[in-house]
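*Asks:* Can you read through this structure? Questions will come right after.
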Amino acid sequence: MKKLFTLLALLTCFLGANAVEFVDAEVDFSKYSDISEVPFASWRGSESAFARLSLKDGCLHFESTEATDPSWDCQFFPIGGVNAEIDVTYTLHFKIKGDHAGNVSMLGFGQTPYGQFAITTDWVEGTVDYVATNTDGNILMQCGDWVGTWDIAYLKITHEGKEQRPVEWIEMITNGDAETPWTDAQKATLFTETDNTINICAWSKEKGVNMNENDGWDPFVAGIEVDPTDPSNHVFVCHGQPATTEGDASAWDNQFWIMSPKQLKVGAEYKFHFRYRATATATTNTQMHSAQPSDYLHWQVLGDVTFTTEWQEYDNVVTIPAPQNDKPIHSIAFNLNAQNKDAIDFYFDDLSIQEMKLDEGWYVAGSNQATGIAYDYDNAIEFTQDPDDPEVVVATVGTVGKKDSWVNEIQISTVRGNDKAFKSSTIKPVGTIKGNDPDNWQEYAAGSGYKISLPAAGVWAVYIAPNLESTKTEGQILFMQVEGDPIELPDPVAIVTNTTEFVVNATERDWKPAKDDGTPQDGEEGIGEGQPWDNQFWIAANRDLKTDEVTVVKFQYKAAKAATASTQVHKVGDDGKPCTYLNWQAIGSVDFTEEWLPFEKEFKIPAGDEGMRSIVFNLSEFKPANDYYIKDVQWYLYDSSLEEGMTYENLIKAEDTSNFWIKVDKGAPYQYGTDPSGITNVTAKKNSSAAIYNIAGQKVDKNFKGLVVKDGKKFMNK
């Protein structure tokens with residue numbers, strides 16, 4: 001496979017003569033004697049994939065005699081757990097061949113959506129480039145369509161960059177050595193008291209301990225005990241109980257958290273260190289959580305950590321990945337029962353999270369790719385006090401009279417001294433930059449990696465008025481063009497409302513669960529194959545949306561039975577339908593009730609959702625048949641500088657249903673109001689007024705005791 005494009009021109013203009021190649025990940029399969037030794041073996045993959053993988057003749061060998069349905073039932077990560085940096089070009093180096101020519105679906109390193117990886121019958125050593133659009137540094141191969149064999153000799157990920165200047169590291173955690181007993185006030189701190197939780201570095205959750213009124217159990221301040229291997233030392237401990245919860249959820253029956261007193265910034269680097277051991281061998285997953293232990297943000301951060309009965313040390317510099325929401329990141333969660341479900345004691349010691357010592361203040365760097373001006377973060381311009389206002393700072397980007405210094409994009413940060421740190425501490429304005437308008441002050445907020453597009457190239461003066469009673473991440477900002485190209489702005493228009501009342505007659509989901517041994521439940525025929533997306537509804541924009549565009553979504557909604565629907569982000573497929581999966585979360589979960597409710601959310605397009613077209617509601621999260629109603633839909637670009645009721649662009653039309661799509665009973669998606677199969681009215685195929693479900697969504701009989709759901713309503717069955 002030939003390289004998609006060359007980096008030579010890019011490196012010459014943007015990196016200079018001192019560019020160096022960094023190796024982000026490398027797997028040479030000839031170095032391993034067993035598949036269990038390969039690094040990816042600790043990463044997520046399906047059982048059907050691992051059943052088809054082995055090591056043969058120094059290569060990763062895949063062999064399959066039949067296809068899987070669906071194809072993604074057979075998938076694995078040959079490279080995983082490397083934090084990518086948005087907009088950086090990564091190169092995958094490979095050597096591969098197959099027993100026939102064909103394509104394997106592959107998710108690129110730090111990139112969506114899926115692409116095709118070509119395999120031929122000859123050994124091919126090649127490279128392919130990926131421009132990272134998100135921070136998930138994983139290569140994912142989906143092999144379910146491949147019937148035959150293929151072999152991979154090696155894989156390597158590299159990127160070109162410049163050496164960073166040395167930095168000093170500063171410890172953030174106190175009492176990480178567990179040698180200071182908790183105070184009574186600390187011991188009494190609830191996991192929901194987030195203003196206080198961040199001052200306690202270790203939290204624990206043990207199945208059946210610290211029970212709540214919903215028959216669950218809550219996190220608590222981790223215990224400090226004498227180290228069983230050294231009476232002179234103290235350690236943090238989680239006395240893990242047997243993990244007996246049904247299904248994947250058993251992985252987090254017992255958990256441990258390392259808490260940071262400061263927010264961990266997306267895209268920034270931190271040094272993590274801790275010692276760890278357990279009373280049995282156990283591989284654990286790590287996740288990112290917020291200041292409330294158990295407030296999930298992201299599925300992966302440190303990778304999998306395998307405990308043994310001997311003390312081990314974890315040392316790594318980690319780049320914080322981006323979650324799917326704007327909650328502050330404060331903790332690392334260990335799901336202690338990812339593999340071993342037995343009662344195990346987990347011990348932690350010498351917890352440490354270190355941050356870089358950096359210049360603090362206000363700094364701006366500019367760019368103009370059309371003319372070859374690259375961001376120079378080391379020499380970012382420092383803001384100085386405005387001589388006319390002591391509460392305002394100002395900086396000018398570009399030089400008056402020198403057109404070759406004009407910029408059309410800038411980044412503003414609160415730190416300087418490291419490229420990743422600069423980008424992780426940037427701010428974003430909320431509104432349209434008009435330029436040459438001294439009254440165009442607008443609010444700003446924290447926005448990791450945010451690039452501010454200017455309305456025209458030129459020399460720009462930027463004024464910042466921080467909210468002195470709050471933090472640097474809140475305040476107002478003003479952009480004034482000193483000289484440059486003419487500025488052209490669209491005219492504001494009134495926000496439109498599509499008043500159609502949309503109705504989705506969602507059918508009952510085929511969801512019968514299996515026993516632990518994979519066989520059907522007693523009295524049931526077969527195992528359900530239903531999914532939350534068996535019934536869906538789409539709100540589709542008029543165009544593809546761009547990273548960092550801020551939109552507002554509003555509508556009225558209700559259902560025949562109370563139910564919760566998850567939402568996803570989709571792109572447009574090759575057939576023009578806005579029904580191609582892009583991301584697992586859009587505007588969050590929507591809780592339908594039997595009464596009309598208003599919904600309104602400000603939704604910024606994340607970097608990983610570049611090119612999104614639609615928000616989709618998964619209406620089969622609630623498994624029984626149900627009727628869902630949505631009306632009075634608005635979706636428009638948000639600009640805080642405009643009068644109420646005005647926008648620069650409506651993303652949907654008011655007069656027809658061309659922006660709305662539907663899928664019922666696992667059928668093909670179709671535009672609302674059209675006739676997909678000659679059936680005028682689609683109605684629910686099944687009604688389930690007698691079915692009873694537990695709070696996990698599993699069907700139970702009438703003798704089940706505890707909290708249950710019937711007809712979408714919760715009640716206690718005694």
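Chain lettering (A, B, ...) mirrors the order of the structure tokens, residue numbering begins at 1 for each chain separately, and ligand numbering begins at 1 in order of display.
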What lies within 9 Å of segment 256-265 of chain A using only C-alpha atoms, ignoring chain neighbours under 2 positions off, as a PyMOL selection string?

*Replies:* chain A and resi 172-174+197-206+219+222+237-238+254+267-270+289-291+293-294+319-322+328-336+346+351-353+421+424-425+448

*Asks:* Name the residues of segment 134-211 of chain A that come out as strand (DSSP E) in a backbone DSSP run; write them as a ChimeraX atom specification.

*Replies:* /A:136-142,148-161,168-171,202-205

*Asks:* If we count only C-alpha atoms and set the cut-off at 8 Å, which residues sit around segment 481-498 of chain A, ignoring sequence neighbours fewer than 5 positions away in its own chain? Please answer as a VMD selection string.

*Replies:* chain A and resid 400 403 406 434 to 436 455 to 461 631 to 634 636 642 645 to 650 652 to 656

*Asks:* Give the answer as one residue: which of A:Leu619, A:Ala67, A:Ile170, A:Ala132 has the shortest atom-to-atom distance to Ala562 of chain A, using only C-alpha atoms?

*Replies:*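 Among the listed residues, A:Leu619 lies closest to Ala562 of chain A.
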
*Asks:* Excluding same-chain residues fewer than 5 positions from Lys56 of chain A, what lies within 12 Å of it counting only C-alpha atoms, as a PDB file with all heavy atoms, in the first residue's frame?

*Replies:*
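Now in selection_2.pdb:
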ATOM      1  N   PHE A  29       6.017  -9.263  16.144  1.00  0.00           N
ATOM      2  CA  PHE A  29       5.431 -10.514  16.610  1.00  0.00           C
ATOM      3  C   PHE A  29       6.445 -11.645  16.714  1.00  0.00           C
ATOM      4  O   PHE A  29       6.195 -12.637  17.403  1.00  0.00           O
ATOM      5  CB  PHE A  29       4.266 -10.908  15.700  1.00  0.00           C
ATOM      6  CG  PHE A  29       3.116  -9.948  15.768  1.00  0.00           C
ATOM      7  CD1 PHE A  29       2.924  -8.992  14.784  1.00  0.00           C
ATOM      8  CD2 PHE A  29       2.237  -9.976  16.841  1.00  0.00           C
ATOM      9  CE1 PHE A  29       1.869  -8.089  14.852  1.00  0.00           C
ATOM     10  CE2 PHE A  29       1.181  -9.080  16.921  1.00  0.00           C
ATOM     11  CZ  PHE A  29       1.002  -8.128  15.924  1.00  0.00           C
ATOM     12  N   SER A  30       7.610 -11.506  16.067  1.00  0.00           N
ATOM     13  CA  SER A  30       8.631 -12.557  16.147  1.00  0.00           C
ATOM     14  C   SER A  30       9.286 -12.615  17.525  1.00  0.00           C
ATOM     15  O   SER A  30       9.976 -13.585  17.843  1.00  0.00           O
ATOM     16  CB  SER A  30       9.701 -12.336  15.077  1.00  0.00           C
ATOM     17  OG  SER A  30      10.444 -11.142  15.350  1.00  0.00           O
ATOM     18  N   LYS A  31       9.065 -11.601  18.357  1.00  0.00           N
ATOM     19  CA  LYS A  31       9.684 -11.558  19.682  1.00  0.00           C
ATOM     20  C   LYS A  31       8.894 -12.342  20.721  1.00  0.00           C
ATOM     21  O   LYS A  31       9.327 -12.445  21.874  1.00  0.00           O
ATOM     22  CB  LYS A  31       9.834 -10.104  20.139  1.00  0.00           C
ATOM     23  CG  LYS A  31      10.796  -9.283  19.292  1.00  0.00           C
ATOM     24  CD  LYS A  31      10.903  -7.857  19.835  1.00  0.00           C
ATOM     25  CE  LYS A  31      11.901  -7.036  19.012  1.00  0.00           C
ATOM     26  NZ  LYS A  31      12.017  -5.648  19.532  1.00  0.00           N
ATOM     27  N   TYR A  32       7.750 -12.891  20.343  1.00  0.00           N
ATOM     28  CA  TYR A  32       6.886 -13.554  21.319  1.00  0.00           C
ATOM     29  C   TYR A  32       6.725 -15.024  20.964  1.00  0.00           C
ATOM     30  O   TYR A  32       6.694 -15.406  19.783  1.00  0.00           O
ATOM     31  CB  TYR A  32       5.520 -12.871  21.363  1.00  0.00           C
ATOM     32  CG  TYR A  32       5.610 -11.385  21.642  1.00  0.00           C
ATOM     33  CD1 TYR A  32       5.535 -10.466  20.601  1.00  0.00           C
ATOM     34  CD2 TYR A  32       5.792 -10.913  22.930  1.00  0.00           C
ATOM     35  CE1 TYR A  32       5.634  -9.107  20.843  1.00  0.00           C
ATOM     36  CE2 TYR A  32       5.894  -9.557  23.191  1.00  0.00           C
ATOM     37  CZ  TYR A  32       5.815  -8.662  22.136  1.00  0.00           C
ATOM     38  OH  TYR A  32       5.925  -7.312  22.391  1.00  0.00           O
ATOM     39  N   SER A  33       6.634 -15.836  22.001  1.00  0.00           N
ATOM     40  CA  SER A  33       6.481 -17.276  21.797  1.00  0.00           C
ATOM     41  C   SER A  33       5.047 -17.737  21.987  1.00  0.00           C
ATOM     42  O   SER A  33       4.686 -18.842  21.585  1.00  0.00           O
ATOM     43  CB  SER A  33       7.390 -18.049  22.758  1.00  0.00           C
ATOM     44  OG  SER A  33       7.094 -17.707  24.108  1.00  0.00           O
ATOM     45  N   ASP A  34       4.203 -16.894  22.618  1.00  0.00           N
ATOM     46  CA  ASP A  34       2.815 -17.254  22.864  1.00  0.00           C
ATOM     47  C   ASP A  34       1.939 -16.020  22.690  1.00  0.00           C
ATOM     48  O   ASP A  34       2.363 -14.903  23.016  1.00  0.00           O
ATOM     49  CB  ASP A  34       2.647 -17.833  24.276  1.00  0.00           C
ATOM     50  CG  ASP A  34       1.242 -18.376  24.494  1.00  0.00           C
ATOM     51  OD1 ASP A  34       0.971 -19.507  24.086  1.00  0.00           O
ATOM     52  OD2 ASP A  34       0.418 -17.622  25.075  1.00  0.00           O
ATOM     53  N   ILE A  35       0.727 -16.224  22.214  1.00  0.00           N
ATOM     54  CA  ILE A  35      -0.170 -15.097  21.948  1.00  0.00           C
ATOM     55  C   ILE A  35      -0.465 -14.302  23.207  1.00  0.00           C
ATOM     56  O   ILE A  35      -0.681 -13.081  23.171  1.00  0.00           O
ATOM     57  CB  ILE A  35      -1.494 -15.603  21.309  1.00  0.00           C
ATOM     58  CG1 ILE A  35      -2.323 -14.432  20.763  1.00  0.00           C
ATOM     59  CG2 ILE A  35      -2.302 -16.409  22.272  1.00  0.00           C
ATOM     60  CD1 ILE A  35      -2.041 -14.086  19.365  1.00  0.00           C
ATOM     61  N   HIS A  61      -1.017 -14.655  13.237  1.00  0.00           N
ATOM     62  CA  HIS A  61      -1.714 -15.457  12.226  1.00  0.00           C
ATOM     63  C   HIS A  61      -3.213 -15.451  12.507  1.00  0.00           C
ATOM     64  O   HIS A  61      -3.648 -15.744  13.618  1.00  0.00           O
ATOM     65  CB  HIS A  61      -1.187 -16.895  12.254  1.00  0.00           C
ATOM     66  CG  HIS A  61      -1.833 -17.803  11.253  1.00  0.00           C
ATOM     67  ND1 HIS A  61      -1.597 -17.698   9.895  1.00  0.00           N
ATOM     68  CD2 HIS A  61      -2.700 -18.847  11.407  1.00  0.00           C
ATOM     69  CE1 HIS A  61      -2.292 -18.634   9.262  1.00  0.00           C
ATOM     70  NE2 HIS A  61      -2.973 -19.340  10.154  1.00  0.00           N
ATOM     71  N   PHE A  62      -3.999 -15.111  11.506  1.00  0.00           N
ATOM     72  CA  PHE A  62      -5.463 -15.126  11.598  1.00  0.00           C
ATOM     73  C   PHE A  62      -5.980 -16.200  10.664  1.00  0.00           C
ATOM     74  O   PHE A  62      -5.596 -16.262   9.487  1.00  0.00           O
ATOM     75  CB  PHE A  62      -6.039 -13.763  11.209  1.00  0.00           C
ATOM     76  CG  PHE A  62      -7.544 -13.700  11.227  1.00  0.00           C
ATOM     77  CD1 PHE A  62      -8.219 -13.368  12.389  1.00  0.00           C
ATOM     78  CD2 PHE A  62      -8.289 -13.977  10.086  1.00  0.00           C
ATOM     79  CE1 PHE A  62      -9.613 -13.307  12.416  1.00  0.00           C
ATOM     80  CE2 PHE A  62      -9.678 -13.920  10.100  1.00  0.00           C
ATOM     81  CZ  PHE A  62     -10.335 -13.583  11.273  1.00  0.00           C
ATOM     82  N   GLU A  63      -6.888 -17.067  11.174  1.00  0.00           N
ATOM     83  CA  GLU A  63      -7.442 -18.128  10.343  1.00  0.00           C
ATOM     84  C   GLU A  63      -8.911 -18.307  10.690  1.00  0.00           C
ATOM     85  O   GLU A  63      -9.279 -18.493  11.848  1.00  0.00           O
ATOM     86  CB  GLU A  63      -6.691 -19.433  10.563  1.00  0.00           C
ATOM     87  CG  GLU A  63      -7.149 -20.555   9.644  1.00  0.00           C
ATOM     88  CD  GLU A  63      -6.230 -21.755   9.662  1.00  0.00           C
ATOM     89  OE1 GLU A  63      -5.147 -21.662  10.291  1.00  0.00           O
ATOM     90  OE2 GLU A  63      -6.576 -22.773   9.030  1.00  0.00           O
ATOM     91  N   THR A 149      -6.963 -16.881   5.599  1.00  0.00           N
ATOM     92  CA  THR A 149      -5.882 -16.545   6.530  1.00  0.00           C
ATOM     93  C   THR A 149      -5.202 -15.252   6.116  1.00  0.00           C
ATOM     94  O   THR A 149      -5.253 -14.843   4.950  1.00  0.00           O
ATOM     95  CB  THR A 149      -4.816 -17.661   6.576  1.00  0.00           C
ATOM     96  OG1 THR A 149      -4.177 -17.761   5.296  1.00  0.00           O
ATOM     97  CG2 THR A 149      -5.435 -18.990   6.939  1.00  0.00           C
ATOM     98  N   TRP A 150      -4.592 -14.596   7.079  1.00  0.00           N
ATOM     99  CA  TRP A 150      -3.624 -13.536   6.818  1.00  0.00           C
ATOM    100  C   TRP A 150      -2.585 -13.534   7.929  1.00  0.00           C
ATOM    101  O   TRP A 150      -2.806 -14.095   9.016  1.00  0.00           O
ATOM    102  CB  TRP A 150      -4.252 -12.147   6.655  1.00  0.00           C
ATOM    103  CG  TRP A 150      -5.238 -11.685   7.691  1.00  0.00           C
ATOM    104  CD1 TRP A 150      -6.572 -11.560   7.549  1.00  0.00           C
ATOM    105  CD2 TRP A 150      -4.953 -11.252   9.038  1.00  0.00           C
ATOM    106  NE1 TRP A 150      -7.151 -11.093   8.704  1.00  0.00           N
ATOM    107  CE2 TRP A 150      -6.179 -10.890   9.634  1.00  0.00           C
ATOM    108  CE3 TRP A 150      -3.797 -11.134   9.791  1.00  0.00           C
ATOM    109  CZ2 TRP A 150      -6.265 -10.429  10.937  1.00  0.00           C
ATOM    110  CZ3 TRP A 150      -3.873 -10.669  11.102  1.00  0.00           C
ATOM    111  CH2 TRP A 150      -5.103 -10.325  11.663  1.00  0.00           C
ATOM    112  N   ASP A 151      -1.419 -12.938   7.659  1.00  0.00           N
ATOM    113  CA  ASP A 151      -0.313 -12.891   8.616  1.00  0.00           C
ATOM    114  C   ASP A 151       0.251 -11.480   8.669  1.00  0.00           C
ATOM    115  O   ASP A 151       0.396 -10.812   7.634  1.00  0.00           O
ATOM    116  CB  ASP A 151       0.796 -13.863   8.208  1.00  0.00           C
ATOM    117  CG  ASP A 151       0.353 -15.306   8.271  1.00  0.00           C
ATOM    118  OD1 ASP A 151       0.481 -15.907   9.355  1.00  0.00           O
ATOM    119  OD2 ASP A 151      -0.134 -15.832   7.238  1.00  0.00           O
ATOM    120  N   ILE A 152       0.578 -11.024   9.889  1.00  0.00           N
ATOM    121  CA  ILE A 152       1.224  -9.727  10.095  1.00  0.00           C
ATOM    122  C   ILE A 152       2.561  -9.963  10.783  1.00  0.00           C
ATOM    123  O   ILE A 152       2.612 -10.611  11.840  1.00  0.00           O
ATOM    124  CB  ILE A 152       0.359  -8.788  10.957  1.00  0.00           C
ATOM    125  CG1 ILE A 152      -1.001  -8.543  10.308  1.00  0.00           C
ATOM    126  CG2 ILE A 152       1.072  -7.458  11.177  1.00  0.00           C
ATOM    127  CD1 ILE A 152      -1.933  -7.669  11.144  1.00  0.00           C
ATOM    128  N   ALA A 153       3.649  -9.458  10.205  1.00  0.00           N
ATOM    129  CA  ALA A 153       4.981  -9.611  10.796  1.00  0.00           C
ATOM    130  C   ALA A 153       5.243  -8.553  11.859  1.00  0.00           C
ATOM    131  O   ALA A 153       5.803  -8.847  12.916  1.00  0.00           O
ATOM    132  CB  ALA A 153       6.049  -9.546   9.710  1.00  0.00           C
TER     133      ALA A 153
END

*Asks:* Can you pull out every residue within 10 Å of Arg543 of chain A, counting only C-alpha atoms, but drop anything in the same chain fewer than 5 positions away, and send it as a list in words?

*Replies:* Val572, Gly611, Met612, Arg613, Ser614, Leu651 and Ile652 of chain A
